[in-house]
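Shown next: data.txt, given as compact mmCIF, C-alpha atoms and all ligand atoms.
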# COMPACT_ATOMS: atom_id res chain seq x y z
CA MET M 1 4.24 -42.35 141.27
CA ILE M 2 2.38 -42.77 137.99
CA GLN M 3 2.74 -46.28 136.55
CA CYS M 4 2.07 -47.45 133.02
CA PRO M 5 -1.57 -48.48 132.55
CA ARG M 6 -2.70 -51.96 133.60
CA GLY M 7 -1.88 -54.58 131.00
CA THR M 8 0.81 -52.47 129.29
CA ARG M 9 4.58 -52.57 129.65
CA ASP M 10 7.64 -50.37 129.24
CA PHE M 11 10.51 -51.91 127.34
CA LEU M 12 13.90 -50.90 128.72
CA PRO M 13 16.92 -50.75 126.40
CA ASP M 14 18.17 -54.34 126.96
CA GLU M 15 14.71 -55.78 126.39
CA MET M 16 14.09 -53.50 123.43
CA GLU M 17 17.33 -54.56 121.76
CA ARG M 18 16.33 -58.20 122.19
CA ARG M 19 12.86 -57.56 120.79
CA ARG M 20 14.18 -55.70 117.75
CA TYR M 21 16.66 -58.48 117.07
CA TYR M 22 14.00 -61.17 116.96
CA GLU M 23 11.52 -58.94 115.14
CA GLY M 24 14.25 -58.51 112.49
CA LYS M 25 14.58 -62.28 112.20
CA LEU M 26 10.84 -62.64 111.60
CA ARG M 27 10.92 -59.83 109.04
CA SER M 28 13.75 -61.42 107.09
CA VAL M 29 11.94 -64.78 106.94
CA ALA M 30 8.77 -63.08 105.65
CA LEU M 31 10.78 -61.28 102.96
CA ARG M 32 12.44 -64.56 102.01
CA PHE M 33 8.98 -66.01 101.38
CA GLY M 34 8.11 -63.13 99.05
CA PHE M 35 5.88 -61.16 101.44
CA ARG M 36 6.07 -57.35 101.61
CA GLU M 37 5.58 -55.17 104.67
CA THR M 38 2.62 -52.86 105.24
CA GLU M 39 1.46 -50.65 108.08
CA THR M 40 -2.04 -49.50 108.94
CA PRO M 41 -3.21 -47.01 111.60
CA ILE M 42 -3.27 -48.02 115.24
CA PHE M 43 -6.88 -46.82 115.45
CA GLU M 44 -9.67 -47.42 112.97
CA ASP M 45 -13.40 -46.77 112.64
CA ALA M 46 -14.91 -48.94 115.38
CA GLU M 47 -17.32 -50.15 112.70
CA LEU M 48 -14.51 -52.12 111.04
CA PHE M 49 -14.28 -54.46 114.00
CA ILE M 50 -18.01 -54.52 114.75
CA LEU M 51 -18.82 -55.53 111.15
CA ARG M 52 -16.48 -58.42 111.56
CA SER M 53 -17.48 -59.72 114.96
CA GLY M 54 -20.77 -58.12 116.01
CA PRO M 55 -21.40 -55.45 118.68
CA ASN M 56 -20.26 -57.77 121.50
CA VAL M 57 -16.72 -57.15 120.40
CA LEU M 58 -17.11 -53.64 121.82
CA ASN M 59 -16.61 -55.12 125.30
CA GLU M 60 -13.16 -56.19 124.23
CA LEU M 61 -12.24 -53.01 122.39
CA TYR M 62 -10.61 -49.79 123.46
CA ALA M 63 -13.33 -47.76 121.75
CA PHE M 64 -13.77 -44.01 122.05
CA LYS M 65 -15.22 -40.93 120.39
CA ASP M 66 -12.81 -38.35 119.02
CA LYS M 67 -13.41 -34.58 119.10
CA GLY M 68 -15.19 -34.84 115.74
CA ASP M 69 -17.69 -37.29 117.28
CA ARG M 70 -16.30 -40.22 115.27
CA ASP M 71 -16.51 -43.70 116.79
CA LEU M 72 -13.00 -45.08 116.77
CA ALA M 73 -11.25 -48.08 118.30
CA LEU M 74 -7.67 -49.15 118.89
CA ARG M 75 -7.09 -52.20 116.71
CA PRO M 76 -7.52 -55.53 118.55
CA GLU M 77 -5.84 -57.35 115.64
CA MET M 78 -4.62 -56.48 112.18
CA THR M 79 -6.47 -58.71 109.72
CA ALA M 80 -9.55 -56.49 109.42
CA PRO M 81 -7.33 -53.39 108.89
CA ALA M 82 -5.25 -55.24 106.29
CA ILE M 83 -8.36 -56.26 104.35
CA ARG M 84 -9.79 -52.73 104.65
CA MET M 85 -6.53 -51.45 103.14
CA PHE M 86 -6.80 -54.07 100.39
CA VAL M 87 -10.38 -53.02 99.55
CA ASN M 88 -9.44 -49.31 99.66
CA SER M 89 -6.31 -49.37 97.55
CA MET M 90 -4.95 -52.75 96.50
CA GLY M 91 -7.92 -54.32 94.72
CA ASN M 92 -6.32 -54.12 91.27
CA GLU M 93 -2.98 -55.58 92.20
CA PRO M 94 -1.99 -59.00 90.84
CA LYS M 95 -3.12 -61.84 93.10
CA PRO M 96 -2.15 -63.27 95.39
CA ILE M 97 -1.17 -60.22 97.38
CA LYS M 98 1.35 -61.28 100.03
CA ILE M 99 1.77 -58.84 102.89
CA PHE M 100 3.07 -58.90 106.44
CA TYR M 101 2.90 -56.50 109.35
CA PHE M 102 4.23 -55.99 112.85
CA GLY M 103 2.71 -53.80 115.50
CA GLN M 104 0.77 -53.42 118.70
CA CYS M 105 -2.81 -54.49 119.23
CA PHE M 106 -5.12 -53.64 122.10
CA ARG M 107 -7.69 -55.81 123.81
CA TYR M 108 -9.54 -55.00 127.00
CA GLU M 109 -8.81 -58.36 128.63
CA ARG M 110 -8.00 -59.41 132.16
CA PRO M 111 -4.21 -59.26 132.23
CA GLN M 112 -2.27 -62.33 133.36
CA GLY M 113 1.00 -64.05 132.45
CA GLY M 114 1.32 -63.85 128.66
CA ARG M 115 -1.90 -61.89 128.28
CA TYR M 116 -1.70 -58.12 128.00
CA ARG M 117 -3.95 -55.24 127.06
CA GLU M 118 -1.28 -53.94 124.73
CA PHE M 119 0.57 -56.72 122.90
CA PHE M 120 2.43 -57.17 119.64
CA GLN M 121 1.59 -59.31 116.66
CA PHE M 122 3.67 -60.29 113.69
CA GLY M 123 1.23 -61.36 111.02
CA ALA M 124 0.93 -62.16 107.34
CA GLU M 125 -1.93 -62.36 104.85
CA LEU M 126 -2.18 -63.96 101.40
CA ILE M 127 -5.06 -62.19 99.72
CA GLY M 128 -6.94 -63.39 96.67
CA SER M 129 -6.27 -67.10 96.54
CA ALA M 130 -8.11 -70.12 97.92
CA THR M 131 -5.99 -73.15 97.08
CA PRO M 132 -4.43 -75.68 99.45
CA ASP M 133 -1.11 -74.24 98.25
CA THR M 134 -2.14 -70.85 99.69
CA ASP M 135 -2.88 -72.36 103.07
CA ALA M 136 0.33 -74.39 102.96
CA GLU M 137 2.35 -71.24 102.22
CA ALA M 138 0.87 -69.50 105.28
CA ILE M 139 1.53 -72.44 107.60
CA ALA M 140 5.03 -72.96 106.20
CA LEU M 141 5.85 -69.29 106.74
CA ALA M 142 4.65 -69.46 110.34
CA ALA M 143 6.72 -72.62 110.90
CA ALA M 144 9.83 -71.07 109.32
CA MET M 145 9.46 -67.98 111.51
CA ILE M 146 9.17 -70.00 114.68
CA GLU M 147 12.15 -72.07 113.65
CA ALA M 148 14.20 -68.94 112.88
CA LEU M 149 13.70 -67.85 116.49
CA GLY M 150 15.09 -71.17 117.68
CA LEU M 151 12.02 -72.33 119.59
CA LYS M 152 12.05 -76.12 119.91
CA ASN M 153 9.02 -77.16 121.87
CA TYR M 154 5.88 -76.24 119.94
CA LYS M 155 3.01 -77.95 118.19
CA ILE M 156 1.22 -76.98 114.98
CA ARG M 157 -2.43 -78.06 114.99
CA ILE M 158 -4.40 -77.86 111.77
CA GLY M 159 -8.15 -78.14 111.49
CA HIS M 160 -10.94 -77.29 109.10
CA ILE M 161 -13.80 -75.21 110.36
CA GLY M 162 -15.83 -76.25 107.31
CA VAL M 163 -16.32 -79.74 108.77
CA LEU M 164 -18.02 -78.50 111.94
CA ARG M 165 -19.90 -75.74 110.14
CA GLN M 166 -21.34 -78.28 107.67
CA LYS M 167 -22.20 -80.72 110.44
CA LEU M 168 -23.98 -77.99 112.43
CA ALA M 169 -25.88 -76.83 109.35
CA ASP M 170 -26.92 -80.43 108.56
CA ALA M 171 -28.08 -80.79 112.17
CA GLY M 172 -30.38 -77.80 111.71
CA VAL M 173 -28.39 -75.15 113.61
CA PRO M 174 -29.29 -71.85 111.93
CA ASN M 175 -26.45 -69.71 110.59
CA GLU M 176 -26.85 -66.95 113.15
CA LYS M 177 -26.44 -69.43 116.02
CA THR M 178 -23.39 -71.20 114.61
CA ALA M 179 -20.80 -68.79 116.01
CA GLU M 180 -22.19 -69.16 119.55
CA VAL M 181 -22.11 -72.96 119.40
CA LEU M 182 -18.66 -72.98 117.80
CA GLN M 183 -17.32 -70.81 120.61
CA LYS M 184 -18.42 -73.39 123.16
CA LEU M 185 -16.95 -76.22 121.09
CA ASP M 186 -13.69 -74.27 120.74
CA LYS M 187 -13.32 -74.26 124.51
CA LYS M 188 -14.63 -77.86 124.71
CA LEU M 189 -17.44 -76.65 126.97
CA TYR M 190 -19.76 -79.53 126.04
CA ASP M 191 -21.98 -79.01 129.08
CA GLU M 192 -22.76 -75.53 127.80
CA ALA M 193 -22.97 -76.54 124.12
CA ARG M 194 -25.44 -79.35 124.87
CA PRO M 195 -28.41 -77.28 126.18
CA MET M 196 -27.81 -74.77 123.40
CA MET M 197 -28.11 -77.48 120.77
CA GLU M 198 -31.02 -79.13 122.59
CA ASP M 199 -32.89 -75.82 122.32
CA LEU M 200 -32.19 -75.92 118.59
CA ASN M 201 -33.62 -79.45 118.42
CA VAL M 202 -30.36 -81.12 117.47
CA ASP M 203 -30.70 -84.89 117.62
CA GLN M 204 -28.80 -86.54 120.55
CA ASP M 205 -26.90 -88.92 118.25
CA VAL M 206 -25.89 -86.12 115.91
CA MET M 207 -24.75 -84.11 118.93
CA GLY M 208 -22.57 -87.05 119.93
CA GLU M 209 -21.07 -87.09 116.44
CA ILE M 210 -20.38 -83.37 116.65
CA PHE M 211 -18.58 -83.78 119.98
CA GLU M 212 -16.64 -86.69 118.55
CA LEU M 213 -15.55 -84.59 115.57
CA THR M 214 -14.33 -81.87 117.95
CA GLU M 215 -12.25 -84.50 119.68
CA THR M 216 -10.72 -85.84 116.45
CA VAL M 217 -7.03 -85.27 117.03
CA GLY M 218 -4.00 -87.12 115.77
CA GLY M 219 -1.15 -87.41 113.33
CA THR M 220 -1.58 -86.67 109.65
CA ASP M 221 -2.98 -90.18 109.03
CA ILE M 222 -6.14 -89.07 110.84
CA VAL M 223 -7.22 -87.05 107.78
CA ASP M 224 -8.54 -90.29 106.37
CA LYS M 225 -11.27 -90.01 109.00
CA VAL M 226 -12.26 -86.50 107.89
CA PRO M 227 -15.38 -86.68 105.74
CA GLY M 228 -16.14 -85.05 102.39
CA GLU M 229 -14.47 -82.18 100.61
CA ALA M 230 -12.71 -80.98 103.74
CA GLY M 231 -10.97 -84.35 104.07
CA LYS M 232 -9.79 -84.19 100.48
CA TYR M 233 -8.62 -80.63 101.00
CA LEU M 234 -6.66 -81.46 104.14
CA ARG M 235 -4.98 -84.45 102.47
CA SER M 236 -3.79 -82.24 99.66
CA LEU M 237 -2.66 -79.55 102.13
CA ILE M 238 -0.62 -82.07 104.10
CA ALA M 239 1.08 -83.37 100.95
CA ILE M 240 2.13 -79.83 99.97
CA LEU M 241 3.31 -79.03 103.49
CA SER M 242 5.39 -82.16 103.54
CA ALA M 243 7.00 -81.17 100.21
CA MET M 244 7.82 -77.84 101.89
CA GLY M 245 9.55 -79.69 104.71
CA VAL M 246 6.79 -79.12 107.26
CA SER M 247 5.61 -82.54 108.34
CA ASP M 248 5.54 -82.34 112.10
CA VAL M 249 1.91 -81.23 112.28
CA GLU M 250 -1.14 -82.53 114.05
CA ILE M 251 -4.66 -82.68 112.66
CA ASP M 252 -7.20 -81.40 115.17
CA LEU M 253 -10.78 -80.83 114.08
CA GLY M 254 -11.42 -79.16 117.43
CA VAL M 255 -9.42 -76.10 116.34
CA VAL M 256 -12.23 -73.60 116.02
CA ARG M 257 -10.51 -70.23 116.71
CA GLY M 258 -12.01 -67.41 118.71
CA LEU M 259 -12.62 -65.01 115.81
CA ASP M 260 -15.57 -65.91 113.64
CA TYR M 261 -14.49 -64.95 110.12
CA TYR M 262 -12.76 -68.22 109.23
CA THR M 263 -14.30 -70.35 106.51
CA GLY M 264 -11.95 -73.28 105.83
CA MET M 265 -8.57 -74.34 107.11
CA VAL M 266 -7.71 -73.07 110.59
CA PHE M 267 -4.50 -73.57 112.50
CA GLU M 268 -2.91 -72.79 115.83
CA VAL M 269 0.56 -73.16 117.22
CA GLU M 270 1.04 -73.73 120.90
CA ALA M 271 4.06 -73.76 123.16
CA PRO M 272 3.04 -76.09 126.01
CA ALA M 273 5.64 -74.58 128.37
CA LEU M 274 3.51 -71.43 128.59
CA GLY M 275 0.63 -73.07 130.47
CA ALA M 276 -2.73 -71.32 130.21
CA GLU M 277 -1.77 -68.74 127.57
CA LYS M 278 0.12 -71.18 125.40
CA GLN M 279 -1.18 -70.19 121.99
CA ILE M 280 1.68 -68.43 120.22
CA CYS M 281 0.16 -68.23 116.76
CA GLY M 282 -3.24 -68.53 115.13
CA GLY M 283 -4.70 -68.19 111.67
CA GLY M 284 -6.67 -69.68 108.85
CA SER M 285 -8.56 -68.98 105.65
CA TYR M 286 -11.38 -66.45 105.63
CA THR M 287 -13.34 -63.90 103.64
CA LEU M 288 -13.80 -60.37 104.96
CA SER M 289 -13.52 -58.04 101.95
CA GLU M 290 -17.21 -58.28 101.09
CA LEU M 291 -18.04 -56.89 104.55
CA PHE M 292 -15.95 -53.79 103.87
CA GLY M 293 -17.50 -52.91 100.51
CA GLY M 294 -15.28 -54.97 98.23
CA GLU M 295 -15.85 -58.12 96.22
CA LYS M 296 -15.71 -61.44 98.02
CA VAL M 297 -12.07 -62.48 98.05
CA PHE M 298 -10.60 -65.50 99.77
CA SER M 299 -7.55 -65.02 101.92
CA THR M 300 -5.39 -66.90 104.38
CA GLY M 301 -3.33 -65.43 107.15
CA PHE M 302 -2.00 -65.78 110.64
CA ALA M 303 -0.51 -63.77 113.45
CA ILE M 304 2.25 -64.72 115.83
CA GLY M 305 1.86 -63.37 119.35
CA PHE M 306 5.29 -61.77 119.56
CA ASP M 307 5.29 -61.30 123.35
CA ARG M 308 4.23 -64.88 123.94
CA ILE M 309 6.76 -66.42 121.61
CA LEU M 310 9.50 -64.45 123.39
CA LEU M 311 8.22 -65.80 126.72
CA ALA M 312 8.30 -69.34 125.32
CA MET M 313 11.89 -68.81 124.17
CA GLU M 314 12.85 -67.61 127.66
CA LYS M 315 11.31 -70.75 129.14
CA GLU M 316 13.48 -72.83 126.81
CA GLY M 317 16.55 -70.97 128.02
CA ILE M 318 17.22 -69.24 124.70
CA THR M 319 19.30 -66.27 125.73
CA TYR M 320 20.08 -63.14 123.78
CA GLU M 321 23.55 -61.65 123.96
CA GLN M 322 23.43 -57.83 124.13
CA THR M 323 25.72 -56.30 121.52
CA GLY M 324 27.00 -53.21 123.35
CA ILE M 325 29.00 -50.44 121.70
CA ASP M 326 32.32 -50.76 119.88
CA ALA M 327 34.22 -48.06 121.69
CA TYR M 328 34.05 -45.70 124.66
CA VAL M 329 36.28 -42.62 124.54
CA VAL M 330 37.74 -41.36 127.81
CA PRO M 331 39.54 -38.00 127.95
CA VAL M 332 42.15 -38.23 130.69
CA SER M 333 42.08 -34.50 131.44
CA GLU M 334 40.04 -31.41 130.60
CA ASP M 335 42.62 -30.05 128.14
CA VAL M 336 42.22 -33.03 125.78
CA ARG M 337 38.43 -33.01 125.82
CA ILE M 338 38.05 -31.25 122.46
CA LYS M 339 40.51 -33.67 120.85
CA ALA M 340 38.60 -36.62 122.37
CA THR M 341 35.38 -35.17 120.96
CA GLU M 342 36.99 -35.03 117.51
CA ILE M 343 38.09 -38.65 117.80
CA THR M 344 34.59 -39.68 118.84
CA ALA M 345 33.13 -37.88 115.81
CA MET M 346 35.70 -39.52 113.53
CA LEU M 347 34.88 -43.01 114.81
CA ARG M 348 31.13 -42.45 114.48
CA LYS M 349 31.61 -41.21 110.92
CA ALA M 350 33.52 -44.40 110.14
CA GLY M 351 30.51 -46.45 111.27
CA ILE M 352 31.87 -47.44 114.67
CA SER M 353 29.31 -47.29 117.46
CA CYS M 354 30.92 -45.05 119.96
CA ASP M 355 30.21 -43.05 123.07
CA MET M 356 32.27 -40.63 125.12
CA ASP M 357 32.44 -39.54 128.73
CA ILE M 358 30.57 -36.26 129.01
CA MET M 359 30.57 -36.00 132.79
CA GLY M 360 34.26 -35.40 133.37
CA ARG M 361 34.67 -38.63 135.31
CA LYS M 362 37.97 -39.97 136.59
CA MET M 363 39.51 -42.89 134.70
CA ALA M 364 38.35 -45.74 136.99
CA LYS M 365 34.74 -44.53 136.99
CA ALA M 366 34.78 -43.86 133.26
CA LEU M 367 36.02 -47.40 132.59
CA LYS M 368 33.31 -48.78 134.85
CA TYR M 369 30.72 -46.91 132.82
CA ALA M 370 32.33 -48.30 129.62
CA SER M 371 31.86 -51.84 130.99
CA SER M 372 28.23 -51.22 131.80
CA ALA M 373 27.75 -49.96 128.21
CA ARG M 374 29.35 -53.28 127.14
CA ALA M 375 32.01 -51.38 125.18
CA LYS M 376 34.47 -53.64 123.37
CA PHE M 377 37.23 -51.05 123.59
CA ALA M 378 38.06 -47.97 125.61
CA VAL M 379 39.91 -45.25 123.74
CA ILE M 380 41.94 -43.41 126.35
CA VAL M 381 42.95 -39.96 125.20
CA GLY M 382 45.94 -38.62 127.16
CA LYS M 383 48.19 -35.65 126.66
CA ASN M 384 51.45 -37.62 126.28
CA GLU M 385 50.09 -40.01 123.66
CA LEU M 386 48.49 -37.13 121.74
CA GLU M 387 51.95 -35.60 121.26
CA GLY M 388 52.72 -38.68 119.14
CA ASP M 389 49.28 -38.46 117.41
CA SER M 390 48.30 -41.59 119.31
CA VAL M 391 45.83 -42.83 121.93
CA THR M 392 45.71 -45.84 124.21
CA LEU M 393 43.36 -48.58 123.05
CA ARG M 394 42.19 -50.84 125.83
CA ASP M 395 40.51 -54.16 125.09
CA MET M 396 37.72 -54.18 127.67
CA GLY M 397 37.49 -57.97 127.62
CA SER M 398 41.12 -58.86 128.28
CA GLY M 399 42.30 -55.57 129.80
CA ASP M 400 45.20 -55.48 127.27
CA GLN M 401 46.31 -52.02 126.24
CA GLU M 402 48.34 -50.76 123.28
CA THR M 403 49.30 -47.41 121.85
CA VAL M 404 47.66 -46.79 118.47
CA LEU M 405 48.13 -43.98 115.95
CA ILE M 406 44.89 -41.99 115.58
CA SER M 407 45.13 -42.53 111.81
CA GLU M 408 45.04 -46.28 112.45
CA LEU M 409 42.42 -46.28 115.19
CA VAL M 410 39.45 -47.17 112.96
CA SER M 411 41.12 -50.29 111.56
CA ALA M 412 42.45 -51.27 114.99
CA ILE M 413 38.89 -51.21 116.39
CA GLN M 414 37.34 -52.89 113.36
CA GLY M 415 39.91 -55.66 113.75
P1 LIG S 1 -5.62 -64.33 117.44
O1 LIG S 1 -5.55 -65.79 117.68
O2 LIG S 1 -6.72 -63.59 118.10
O3 LIG S 1 -5.70 -64.15 115.86
O4 LIG S 1 -4.25 -63.65 117.86
C1 LIG S 1 -3.02 -64.13 117.34
C2 LIG S 1 -2.03 -64.32 118.46
O5 LIG S 1 -1.88 -63.11 119.19
C3 LIG S 1 -2.45 -65.33 119.51
O6 LIG S 1 -2.12 -66.64 119.10
C4 LIG S 1 -1.65 -64.91 120.71
O7 LIG S 1 -0.34 -65.47 120.67
C5 LIG S 1 -1.53 -63.42 120.54
N1 LIG S 1 -2.44 -62.71 121.46
C6 LIG S 1 -3.77 -62.55 121.35
N2 LIG S 1 -4.26 -61.85 122.39
C7 LIG S 1 -3.21 -61.55 123.19
C8 LIG S 1 -3.04 -60.83 124.41
N3 LIG S 1 -4.07 -60.25 125.03
N4 LIG S 1 -1.79 -60.73 124.95
C9 LIG S 1 -0.73 -61.31 124.32
N5 LIG S 1 -0.82 -61.98 123.17
C10 LIG S 1 -2.05 -62.10 122.59
C11 LIG S 1 -5.73 -62.94 115.23
O8 LIG S 1 -5.55 -61.88 115.77
C12 LIG S 1 -5.96 -63.05 113.74
N6 LIG S 1 -5.95 -61.67 113.19
C13 LIG S 1 -4.91 -63.90 113.08
C14 LIG S 1 -5.11 -63.99 111.60
C15 LIG S 1 -4.44 -63.32 110.65
N7 LIG S 1 -6.05 -64.69 111.00
C16 LIG S 1 -5.97 -64.50 109.68
N8 LIG S 1 -5.00 -63.64 109.46

Can you present the structure in this file as structure tokens?
Ligand code: HAM
Amino acid sequence: MIQCPRGTRDFLPDEMERRRYYEGKLRSVALRFGFRETETPIFEDAELFILRSGPNVLNELYAFKDKGDRDLALRPEMTAPAIRMFVNSMGNEPKPIKIFYFGQCFRYERPQGGRYREFFQFGAELIGSATPDTDAEAIALAAAMIEALGLKNYKIRIGHIGVLRQKLADAGVPNEKTAEVLQKLDKKLYDEARPMMEDLNVDQDVMGEIFELTETVGGTDIVDKVPGEAGKYLRSLIAILSAMGVSDVEIDLGVVRGLDYYTGMVFEVEAPALGAEKQICGGGSYTLSELFGGEKVFSTGFAIGFDRILLAMEKEGITYEQTGIDAYVVPVSEDVRIKATEITAMLRKAGISCDMDIMGRKMAKALKYASSARAKFAVIVGKNELEGDSVTLRDMGSGDQETVLISELVSAIQG
């Protein structure tokens, strides 16, 4: 038997209905915040992702050559595509440009719980603005989305990559080595960061200060400890967030983020119940447009890991009630089948979700099928009732039955 490829999943109808429901909730929050939806291709020039992250990213990409010998890659995320789209065709639009997107991304990773090779992101970008208000808007949108899904147990951690970048630069770490060191600091792998910095002649005391900065975590009052411009920036960001009703945040200067295009504020949201793969959202401010042939434009964005947030909701016992169909039409005998078909068509035209037995099943089996389709009503079409232009309407919940005129069937079902 052929299975779906490793790290990918099929979504059966119940699961798909649940996913669409919550995706719709996220979409409506984004619209409420004044963001507009976009869509970009699932594959792009591989160059787009290499320019952003260097050739090492190829190990993580589903990259391939097409028949025209073009180097392409399935998108591992959607920020680079969004900024490419901006550079290509949105450069003249009034700033800030506020867009959101939902779709699948592909990363060649080792699959485990909450980590897939094909996964879905719901993301948003504010392009063309670099104020604390911009960053606050992005964080507030992420928080409102998570809240709309009903998740309770999560933590928003906000940092500022500028602090560590400045400290590393002051310590003499050259620009091209910064990303490598930051990656180690991100994972708190001090034993690996230390020899790297020793090779770069970083002073032991300064190294200690760097590690201490990475460990600076606490409530919003901790911003007073953050030095320089970044400290001022974070204080202002926190004040705006609080005015927006988002005050349950943590400051964590150790938030470094895996992708290396961030320049200022960075943030992550984690759901501790998920264990190892607990990060359900990540983002920050960055510049990418200049890499793709445009002017340098500051942006802020984030992406929610849709699969992970659904897992976190499951862990919290948030259940989704399947809607089912409104009515299931059962012809009692072959000679009323055409009439039953007409009734089905009439109900569908009236906007009632409706299905009909097409396998000529006996009543008991047809009703069983109606239950499994979660039908609210069964419309039983029998010869005797038809003589009075009526059918039997059975409430599938209570089992109550009544005779209803066909002309009144729509309103009887709509209640
Ligand atoms: P990211 O942190 O790489 O950021 O991914 C965002 C979210 O996608 C993660 O927090 C996680 O929940 C989810 N995710 C990542 N990899 C996987 C995977 N293999 N399986 C399941 N879920 C996964 C970005 O992608 C940036 N583009 C976010 C951003 C937007 N920054 C600025 N604008």

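Using all atoms listed in the file for every distance, the candidate list M:Glu23, M:Glu15, M:Asp307, M:Asp205 yields M:Asp307 as the residue closest to ligand LIG 1 (chain S).
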
Within 9 Å of M:Gly293, counting only C-alpha atoms, which residues show up once you throw out same-chain ones fewer than 6 positions away? Write them as an NGL selection string, please.
-> :M and (84 or 87-88)

M:Lys177 environment, 12 Å, only C-alpha atoms, sequence neighbours closer than 3 positions dropped, as a VMD selection string = chain M and resid 165 168 to 169 172 to 174 180 to 184 193 196 to 197 199 to 200 260

Give me the residues of chain M that have any atom at most 8 Å from an atom of ligand LIG 1 (chain S); for each, the nearest atom pair and the distance in Å, rounded to one decimal. Use all atoms listed in the file, sort by chain and number, and format it as JSON lines.
{"residue": "M:Pro76", "atom": "CA", "partner": "S:LIG1", "partner_atom": "O8", "distance": 7.2}
{"residue": "M:Glu77", "atom": "CA", "partner": "S:LIG1", "partner_atom": "O8", "distance": 4.5}
{"residue": "M:Met78", "atom": "CA", "partner": "S:LIG1", "partner_atom": "N6", "distance": 5.5}
{"residue": "M:Thr79", "atom": "CA", "partner": "S:LIG1", "partner_atom": "N6", "distance": 4.6}
{"residue": "M:Ala80", "atom": "CA", "partner": "S:LIG1", "partner_atom": "N6", "distance": 7.3}
{"residue": "M:Phe106", "atom": "CA", "partner": "S:LIG1", "partner_atom": "N3", "distance": 7.3}
{"residue": "M:Arg107", "atom": "CA", "partner": "S:LIG1", "partner_atom": "N3", "distance": 5.9}
{"residue": "M:Tyr108", "atom": "CA", "partner": "S:LIG1", "partner_atom": "N3", "distance": 7.8}
{"residue": "M:Glu109", "atom": "CA", "partner": "S:LIG1", "partner_atom": "N3", "distance": 6.2}
{"residue": "M:Pro111", "atom": "CA", "partner": "S:LIG1", "partner_atom": "N3", "distance": 7.3}
{"residue": "M:Gly114", "atom": "CA", "partner": "S:LIG1", "partner_atom": "C9", "distance": 5.4}
{"residue": "M:Arg115", "atom": "CA", "partner": "S:LIG1", "partner_atom": "N4", "distance": 3.5}
{"residue": "M:Tyr116", "atom": "CA", "partner": "S:LIG1", "partner_atom": "N4", "distance": 4.0}
{"residue": "M:Arg117", "atom": "CA", "partner": "S:LIG1", "partner_atom": "N3", "distance": 5.4}
{"residue": "M:Glu118", "atom": "CA", "partner": "S:LIG1", "partner_atom": "N4", "distance": 6.8}
{"residue": "M:Phe119", "atom": "CA", "partner": "S:LIG1", "partner_atom": "C9", "distance": 5.0}
{"residue": "M:Phe120", "atom": "CA", "partner": "S:LIG1", "partner_atom": "N5", "distance": 6.8}
{"residue": "M:Gln121", "atom": "CA", "partner": "S:LIG1", "partner_atom": "O5", "distance": 5.7}
{"residue": "M:Gly123", "atom": "CA", "partner": "S:LIG1", "partner_atom": "C15", "distance": 6.0}
{"residue": "M:Ala124", "atom": "CA", "partner": "S:LIG1", "partner_atom": "C15", "distance": 6.4}
{"residue": "M:Glu125", "atom": "CA", "partner": "S:LIG1", "partner_atom": "N8", "distance": 5.7}
{"residue": "M:Arg257", "atom": "CA", "partner": "S:LIG1", "partner_atom": "O1", "distance": 6.7}
{"residue": "M:Gly258", "atom": "CA", "partner": "S:LIG1", "partner_atom": "O2", "distance": 6.6}
{"residue": "M:Leu259", "atom": "CA", "partner": "S:LIG1", "partner_atom": "O2", "distance": 6.5}
{"residue": "M:Tyr262", "atom": "CA", "partner": "S:LIG1", "partner_atom": "C16", "distance": 7.8}
{"residue": "M:Glu268", "atom": "CA", "partner": "S:LIG1", "partner_atom": "O6", "distance": 7.0}
{"residue": "M:Val269", "atom": "CA", "partner": "S:LIG1", "partner_atom": "O6", "distance": 7.3}
{"residue": "M:Glu270", "atom": "CA", "partner": "S:LIG1", "partner_atom": "O6", "distance": 8.0}
{"residue": "M:Glu277", "atom": "CA", "partner": "S:LIG1", "partner_atom": "O7", "distance": 7.8}
{"residue": "M:Lys278", "atom": "CA", "partner": "S:LIG1", "partner_atom": "O7", "distance": 7.4}
{"residue": "M:Gln279", "atom": "CA", "partner": "S:LIG1", "partner_atom": "O6", "distance": 4.7}
{"residue": "M:Ile280", "atom": "CA", "partner": "S:LIG1", "partner_atom": "O7", "distance": 3.6}
{"residue": "M:Cys281", "atom": "CA", "partner": "S:LIG1", "partner_atom": "O6", "distance": 3.6}
{"residue": "M:Gly282", "atom": "CA", "partner": "S:LIG1", "partner_atom": "O1", "distance": 4.4}
{"residue": "M:Gly283", "atom": "CA", "partner": "S:LIG1", "partner_atom": "N7", "distance": 3.8}
{"residue": "M:Gly284", "atom": "CA", "partner": "S:LIG1", "partner_atom": "C16", "distance": 5.3}
{"residue": "M:Ser285", "atom": "CA", "partner": "S:LIG1", "partner_atom": "C16", "distance": 6.6}
{"residue": "M:Tyr286", "atom": "CA", "partner": "S:LIG1", "partner_atom": "C16", "distance": 7.0}
{"residue": "M:Ser299", "atom": "CA", "partner": "S:LIG1", "partner_atom": "C16", "distance": 7.9}
{"residue": "M:Thr300", "atom": "CA", "partner": "S:LIG1", "partner_atom": "C16", "distance": 5.8}
{"residue": "M:Gly301", "atom": "CA", "partner": "S:LIG1", "partner_atom": "N8", "distance": 3.4}
{"residue": "M:Phe302", "atom": "CA", "partner": "S:LIG1", "partner_atom": "C15", "distance": 3.5}
{"residue": "M:Ala303", "atom": "CA", "partner": "S:LIG1", "partner_atom": "C13", "distance": 4.4}
{"residue": "M:Ile304", "atom": "CA", "partner": "S:LIG1", "partner_atom": "C2", "distance": 5.0}
{"residue": "M:Gly305", "atom": "CA", "partner": "S:LIG1", "partner_atom": "O7", "distance": 3.3}
{"residue": "M:Phe306", "atom": "CA", "partner": "S:LIG1", "partner_atom": "O7", "distance": 6.8}
{"residue": "M:Asp307", "atom": "CA", "partner": "S:LIG1", "partner_atom": "C9", "distance": 6.1}
{"residue": "M:Arg308", "atom": "CA", "partner": "S:LIG1", "partner_atom": "O7", "distance": 5.7}
{"residue": "M:Ile309", "atom": "CA", "partner": "S:LIG1", "partner_atom": "O7", "distance": 7.2}
